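What follows is a short report on a single structure.
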Amino acid sequence: MRWMFYFIACLFLIVFQTSVLPLLPILSGLYDLLIPLLLYLCIFRTTREAIIALLFLGVVMDNLSGAPAGLYLSAYFVFYVCVIWVASFLNIANKLLIALIVAFGVVLENLFHWFAVYLSGDHAGIFFKILNTAPDQILWAICTGPFIIIGLHSLQDKWDYITSGFFAEKSAEG
Amino acid sequence: MFSKRTVFAVAIIIAIAILIITLAVTSRRGYTSMGTKNVGLFIFGPFQKSATNSLNFFKQIWYRYFFLVSTSDANEKLKTALDISQKMNHQCLEAELSNTRLRKLLHLEQRKKLKFRAAEVIGKDPSQWYESIVLDKGRSDGLRKGLPVIMHEGVVGIIMDVSYKYSKALLIIDRNCSIDGLIQRTRAPGVVSGKSDGLCRMKYFLPKYDIHKGDVIISSGLDGIFPKGLRIGEVSEVEHHISGFFSDVTVIPFVNFNKLEEVLIVLNPPEHMNSIEETEDAQ
C-alpha cells in the first residue's frame, strides 16, 4: 500500500505541473516539483524504495518532456547520489538544509538542461535563459521545498495509519 | 581485495558516466524517444485529460456566466471585424475560383484536400527548456509520428511520440523543431527553427534576398511534412553580418503558444498523399 501512496503523490505532482500550472501564469516560474518528492524518499524511506521511485519518475518525466532521452533520469540519479553523500556526514532532516538541498536540486537539473541544450548546438541565448529561469526557481524551491516535504511526510503517516487500521480490521474479520 | 564502499563508489561513478555519455549522444541527435513504449503518456494521459477538462469546465463557468464586463464592447468590435472578414472572404472565393480556372487551363495539379483531426491540449512540457504538448488523440485516431500540427493562426509543431490514445507534439518554438519556409512576398527560402525565448529564427537566409520587418513567413512544403502555404510567423528583426554567409532573422510565430487549447493534426501531409490516393484508387 506504501507504493500506492508514492504513485498517487507522483501522479498528483506530475498532473499539477503539466496540466494545472500552465493555466496559472503567476506560477509559471515554478521548479520541478518531483525534486522535493525525491528528497523526501532519500531522507525518510529506504534505499530500495528511493531507487525504484527514482527510476520510475525519471522514465516518466523523460516520456512526458521534449528533452533528450535520459535527461531527467540522469539528473535525478546524480541528485540522489549527491543527497546520499551529504547525508553521510550531515543531518539533512533539518528544515533549512532541506530548503538548500531542494534549491541545489533545481540548480543541478538546470545544469543538465543547459548541458543538453549546449550539446545540441544552440549556444546563443542559453545563458540568458538560465538567468531568466534559475533565480525564480531557486527562490520558489527555498520557499516551498520544506513545506512539500513536511506535507508528504504527514500525509504518508496518515496513509500508513489508515491502511494499517483497514488491514487490521480485515484480518480480525477473517 | 577492495572494500564494499570502494566498489559502491566505483559503480556509482560508472553509472553516472554512462548516463552522461548517453545524454551527450541523445542531445546531439535532437529529440529521441526513450523507447519505453510511451509509458508516461499511457499512465498519465487519462489523468491529465481529466484535470484539463475539470479546469476548463470551471474556466468556462467563470468566463461565460460571471466575467461578462467586456462582452458588449467585444461584441461591437467583433461585428465590425466580421463585416471586414466577409468582404475579404468574398474576394478570396473569387480569387480561388479564378485560380482553379487558370490551373485547369495550365493543366497544373489541383491542390489536394487535407484531412484533419482535432485534438485537445491536455498537458505541457514540465521543463522550461523544452517546448512540447500532450494531446488527447493517439494511434487509434489515425495519428502517427511526423504528422504536422496546425491551427487556423498558423503552424504549431510536429507529432513526436504516439501511444494508443495520446500523443506528444514538439512545438515550432523548440530548438529541435525545424520547418522549411519562405518569405511570402519575395519567395526567398530559409529554415525556420525554434529559439530559446519563445520565438523562432530563420536560418540559412542569404543576405542577397530582400527582407523587411513585418514580412510574413509561410511553409514551403519542401520538407515533406508541412503542406505549402501555411502561415508560420512574422519577421521581427533582421541582422546582416558583414563577415557571415547568412543573415540572422528573428521570427514571431503567429500562434500564441501560451494559450494553446485545441489544435488540428493534418492526417495526409504531402509526403503521404500519393500513397493515400493510390489506396483510394485501388478501393
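Ligands are numbered from 1 in the order shown, chains are lettered A, B, ... in the order of the C-alpha cells, and residues start at 1 in each chain.
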
Might you pull out every residue within 7 Å of stretch 44-57 of chain A, with only C-alpha atoms counted and same-chain residues fewer than 4 positions away left off, and present them as a VMD selection string? chain A and resid 38 40 61 73 76

With N, CA, C and O atoms retained, export the selected residues as a compact mmCIF listing (two decimals), in the first residue's frame.
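Just written: part.txt:
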```txt
# COMPACT_ATOMS: atom_id res chain seq x y z
N LEU A 38 11.60 13.40 -4.44
CA LEU A 38 12.81 12.57 -4.44
C LEU A 38 13.60 12.74 -3.14
O LEU A 38 14.07 11.76 -2.56
N TYR A 40 12.42 13.67 -0.29
CA TYR A 40 11.65 13.03 0.78
C TYR A 40 11.96 11.53 0.82
O TYR A 40 12.19 10.96 1.90
N MET A 61 9.13 11.26 -16.63
CA MET A 61 9.40 12.66 -16.99
C MET A 61 10.07 12.75 -18.35
O MET A 61 9.79 13.65 -19.13
N LEU A 73 16.30 11.26 -15.99
CA LEU A 73 16.82 10.09 -15.28
C LEU A 73 18.23 10.39 -14.75
O LEU A 73 18.53 10.12 -13.58
N TYR A 76 18.07 13.10 -11.91
CA TYR A 76 17.56 12.56 -10.65
C TYR A 76 18.58 11.64 -9.99
O TYR A 76 18.75 11.64 -8.77
```

Within 8 Å of chain A, which residues belong to chain B? Use only C-alpha atoms and report them as a ChimeraX atom specification. /B:12,16,19-20,22-24,26-34,36,38-41,44,47-48,51-52,55,122-132,134,168,170,175,195-197,258

Could you tell me which of B:Gly142, B:Pro270, B:Pro189, B:Gly157 comes closest to B:Ile217 if we count only C-alpha atoms?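 Once distances to B:Ile217 are computed over only C-alpha atoms, the minimum belongs to B:Pro189.
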
Report as a PDB file with all heavy atoms, in the first residue's frame all protein, DNA and RNA residues lying within 10 Å of A:Ile142, evaluated on only C-alpha atoms, omitting residues in the same chain fewer than 6 positions from it.
```pdb
ATOM      1  N   LYS A  95      15.169  21.621   8.497  1.00  0.00           N
ATOM      2  CA  LYS A  95      14.337  22.351   7.510  1.00  0.00           C
ATOM      3  C   LYS A  95      15.159  23.288   6.630  1.00  0.00           C
ATOM      4  O   LYS A  95      14.933  23.383   5.424  1.00  0.00           O
ATOM      5  CB  LYS A  95      13.253  23.149   8.233  1.00  0.00           C
ATOM      6  CG  LYS A  95      12.133  22.291   8.751  1.00  0.00           C
ATOM      7  CD  LYS A  95      11.018  23.166   9.286  1.00  0.00           C
ATOM      8  CE  LYS A  95       9.982  22.344  10.026  1.00  0.00           C
ATOM      9  NZ  LYS A  95      10.483  21.778  11.304  1.00  0.00           N
ATOM     10  N   LEU A  96      16.126  23.973   7.241  1.00  0.00           N
ATOM     11  CA  LEU A  96      16.944  24.914   6.461  1.00  0.00           C
ATOM     12  C   LEU A  96      17.775  24.169   5.421  1.00  0.00           C
ATOM     13  O   LEU A  96      17.869  24.577   4.254  1.00  0.00           O
ATOM     14  CB  LEU A  96      17.857  25.708   7.403  1.00  0.00           C
ATOM     15  CG  LEU A  96      18.746  26.733   6.713  1.00  0.00           C
ATOM     16  CD1 LEU A  96      17.903  27.886   6.157  1.00  0.00           C
ATOM     17  CD2 LEU A  96      19.798  27.263   7.665  1.00  0.00           C
ATOM     18  N   LEU A  97      18.336  23.040   5.871  1.00  0.00           N
ATOM     19  CA  LEU A  97      19.145  22.239   4.955  1.00  0.00           C
ATOM     20  C   LEU A  97      18.280  21.649   3.837  1.00  0.00           C
ATOM     21  O   LEU A  97      18.715  21.562   2.680  1.00  0.00           O
ATOM     22  CB  LEU A  97      19.840  21.117   5.745  1.00  0.00           C
ATOM     23  CG  LEU A  97      21.212  20.714   5.245  1.00  0.00           C
ATOM     24  CD1 LEU A  97      22.119  21.919   5.101  1.00  0.00           C
ATOM     25  CD2 LEU A  97      21.829  19.699   6.170  1.00  0.00           C
ATOM     26  N   ILE A  98      17.044  21.273   4.183  1.00  0.00           N
ATOM     27  CA  ILE A  98      16.121  20.739   3.161  1.00  0.00           C
ATOM     28  C   ILE A  98      15.899  21.790   2.080  1.00  0.00           C
ATOM     29  O   ILE A  98      15.980  21.505   0.878  1.00  0.00           O
ATOM     30  CB  ILE A  98      14.773  20.323   3.810  1.00  0.00           C
ATOM     31  CG1 ILE A  98      14.933  18.998   4.552  1.00  0.00           C
ATOM     32  CG2 ILE A  98      13.679  20.182   2.742  1.00  0.00           C
ATOM     33  CD1 ILE A  98      13.713  18.565   5.320  1.00  0.00           C
ATOM     34  N   ALA A  99      15.655  23.050   2.519  1.00  0.00           N
ATOM     35  CA  ALA A  99      15.428  24.133   1.555  1.00  0.00           C
ATOM     36  C   ALA A  99      16.635  24.294   0.634  1.00  0.00           C
ATOM     37  O   ALA A  99      16.490  24.425  -0.589  1.00  0.00           O
ATOM     38  CB  ALA A  99      15.145  25.433   2.292  1.00  0.00           C
ATOM     39  N   LEU A 100      17.838  24.231   1.233  1.00  0.00           N
ATOM     40  CA  LEU A 100      19.055  24.398   0.428  1.00  0.00           C
ATOM     41  C   LEU A 100      19.266  23.227  -0.523  1.00  0.00           C
ATOM     42  O   LEU A 100      19.693  23.417  -1.670  1.00  0.00           O
ATOM     43  CB  LEU A 100      20.278  24.547   1.349  1.00  0.00           C
ATOM     44  CG  LEU A 100      20.323  25.840   2.164  1.00  0.00           C
ATOM     45  CD1 LEU A 100      21.522  25.840   3.093  1.00  0.00           C
ATOM     46  CD2 LEU A 100      20.385  27.058   1.248  1.00  0.00           C
ATOM     47  N   ILE A 101      18.933  22.020  -0.060  1.00  0.00           N
ATOM     48  CA  ILE A 101      19.137  20.845  -0.928  1.00  0.00           C
ATOM     49  C   ILE A 101      18.135  20.855  -2.089  1.00  0.00           C
ATOM     50  O   ILE A 101      18.492  20.509  -3.220  1.00  0.00           O
ATOM     51  CB  ILE A 101      19.048  19.523  -0.111  1.00  0.00           C
ATOM     52  CG1 ILE A 101      20.232  19.446   0.855  1.00  0.00           C
ATOM     53  CG2 ILE A 101      19.078  18.320  -1.034  1.00  0.00           C
ATOM     54  CD1 ILE A 101      20.183  18.287   1.812  1.00  0.00           C
ATOM     55  N   VAL A 102      16.890  21.272  -1.823  1.00  0.00           N
ATOM     56  CA  VAL A 102      15.909  21.374  -2.929  1.00  0.00           C
ATOM     57  C   VAL A 102      16.412  22.406  -3.940  1.00  0.00           C
ATOM     58  O   VAL A 102      16.365  22.177  -5.160  1.00  0.00           O
ATOM     59  CB  VAL A 102      14.501  21.744  -2.406  1.00  0.00           C
ATOM     60  CG1 VAL A 102      13.530  21.957  -3.560  1.00  0.00           C
ATOM     61  CG2 VAL A 102      13.950  20.654  -1.507  1.00  0.00           C
ATOM     62  N   ALA A 103      16.931  23.527  -3.436  1.00  0.00           N
ATOM     63  CA  ALA A 103      17.474  24.559  -4.334  1.00  0.00           C
ATOM     64  C   ALA A 103      18.662  24.008  -5.123  1.00  0.00           C
ATOM     65  O   ALA A 103      18.799  24.266  -6.322  1.00  0.00           O
ATOM     66  CB  ALA A 103      17.904  25.774  -3.531  1.00  0.00           C
ATOM     67  N   PHE A 104      19.503  23.194  -4.453  1.00  0.00           N
ATOM     68  CA  PHE A 104      20.627  22.566  -5.149  1.00  0.00           C
ATOM     69  C   PHE A 104      20.117  21.640  -6.263  1.00  0.00           C
ATOM     70  O   PHE A 104      20.668  21.613  -7.369  1.00  0.00           O
ATOM     71  CB  PHE A 104      21.487  21.789  -4.141  1.00  0.00           C
ATOM     72  CG  PHE A 104      22.456  20.843  -4.779  1.00  0.00           C
ATOM     73  CD1 PHE A 104      23.598  21.331  -5.413  1.00  0.00           C
ATOM     74  CD2 PHE A 104      22.226  19.467  -4.795  1.00  0.00           C
ATOM     75  CE1 PHE A 104      24.484  20.458  -6.036  1.00  0.00           C
ATOM     76  CE2 PHE A 104      23.102  18.603  -5.412  1.00  0.00           C
ATOM     77  CZ  PHE A 104      24.234  19.090  -6.036  1.00  0.00           C
ATOM     78  N   VAL A 106      17.370  21.946  -7.925  1.00  0.00           N
ATOM     79  CA  VAL A 106      16.890  22.794  -9.029  1.00  0.00           C
ATOM     80  C   VAL A 106      18.069  23.255  -9.890  1.00  0.00           C
ATOM     81  O   VAL A 106      18.018  23.200 -11.124  1.00  0.00           O
ATOM     82  CB  VAL A 106      16.104  24.007  -8.466  1.00  0.00           C
ATOM     83  CG1 VAL A 106      15.809  25.021  -9.545  1.00  0.00           C
ATOM     84  CG2 VAL A 106      14.821  23.537  -7.809  1.00  0.00           C
TER      85      VAL A 106
END
```

Using Å and a single decimal, report how far atom CA of A:Leu24 sits from atom CA of B:Met160.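 Distance between the two atoms: 26.0 Å.
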
Using DSSP assignments from the backbone, pull out every residue in stretch 28-273 of chain B that falls under helix (DSSP H, G or I) and give it to me as a VMD selection string. chain B and resid 28 39 to 66 71 to 106 139 to 141 257 to 259 270 to 273

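In this model, the gap between atom CA of A:Ile35 and atom CA of A:Asp136 comes to 15.5 Å.
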
Atom CA of B:Val216 to atom CA of B:Val121: how many Å, to one decimal?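 Going from atom CA of B:Val216 over to atom CA of B:Val121, I get 26.4 Å.
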
Need to verify the contact set: B:Tyr166, 7 Å, only C-alpha atoms, exclusion of same-chain residues closer than 6 positions in sequence. Can you return it as a PyMOL selection string? chain B and resi 41+45+135-138
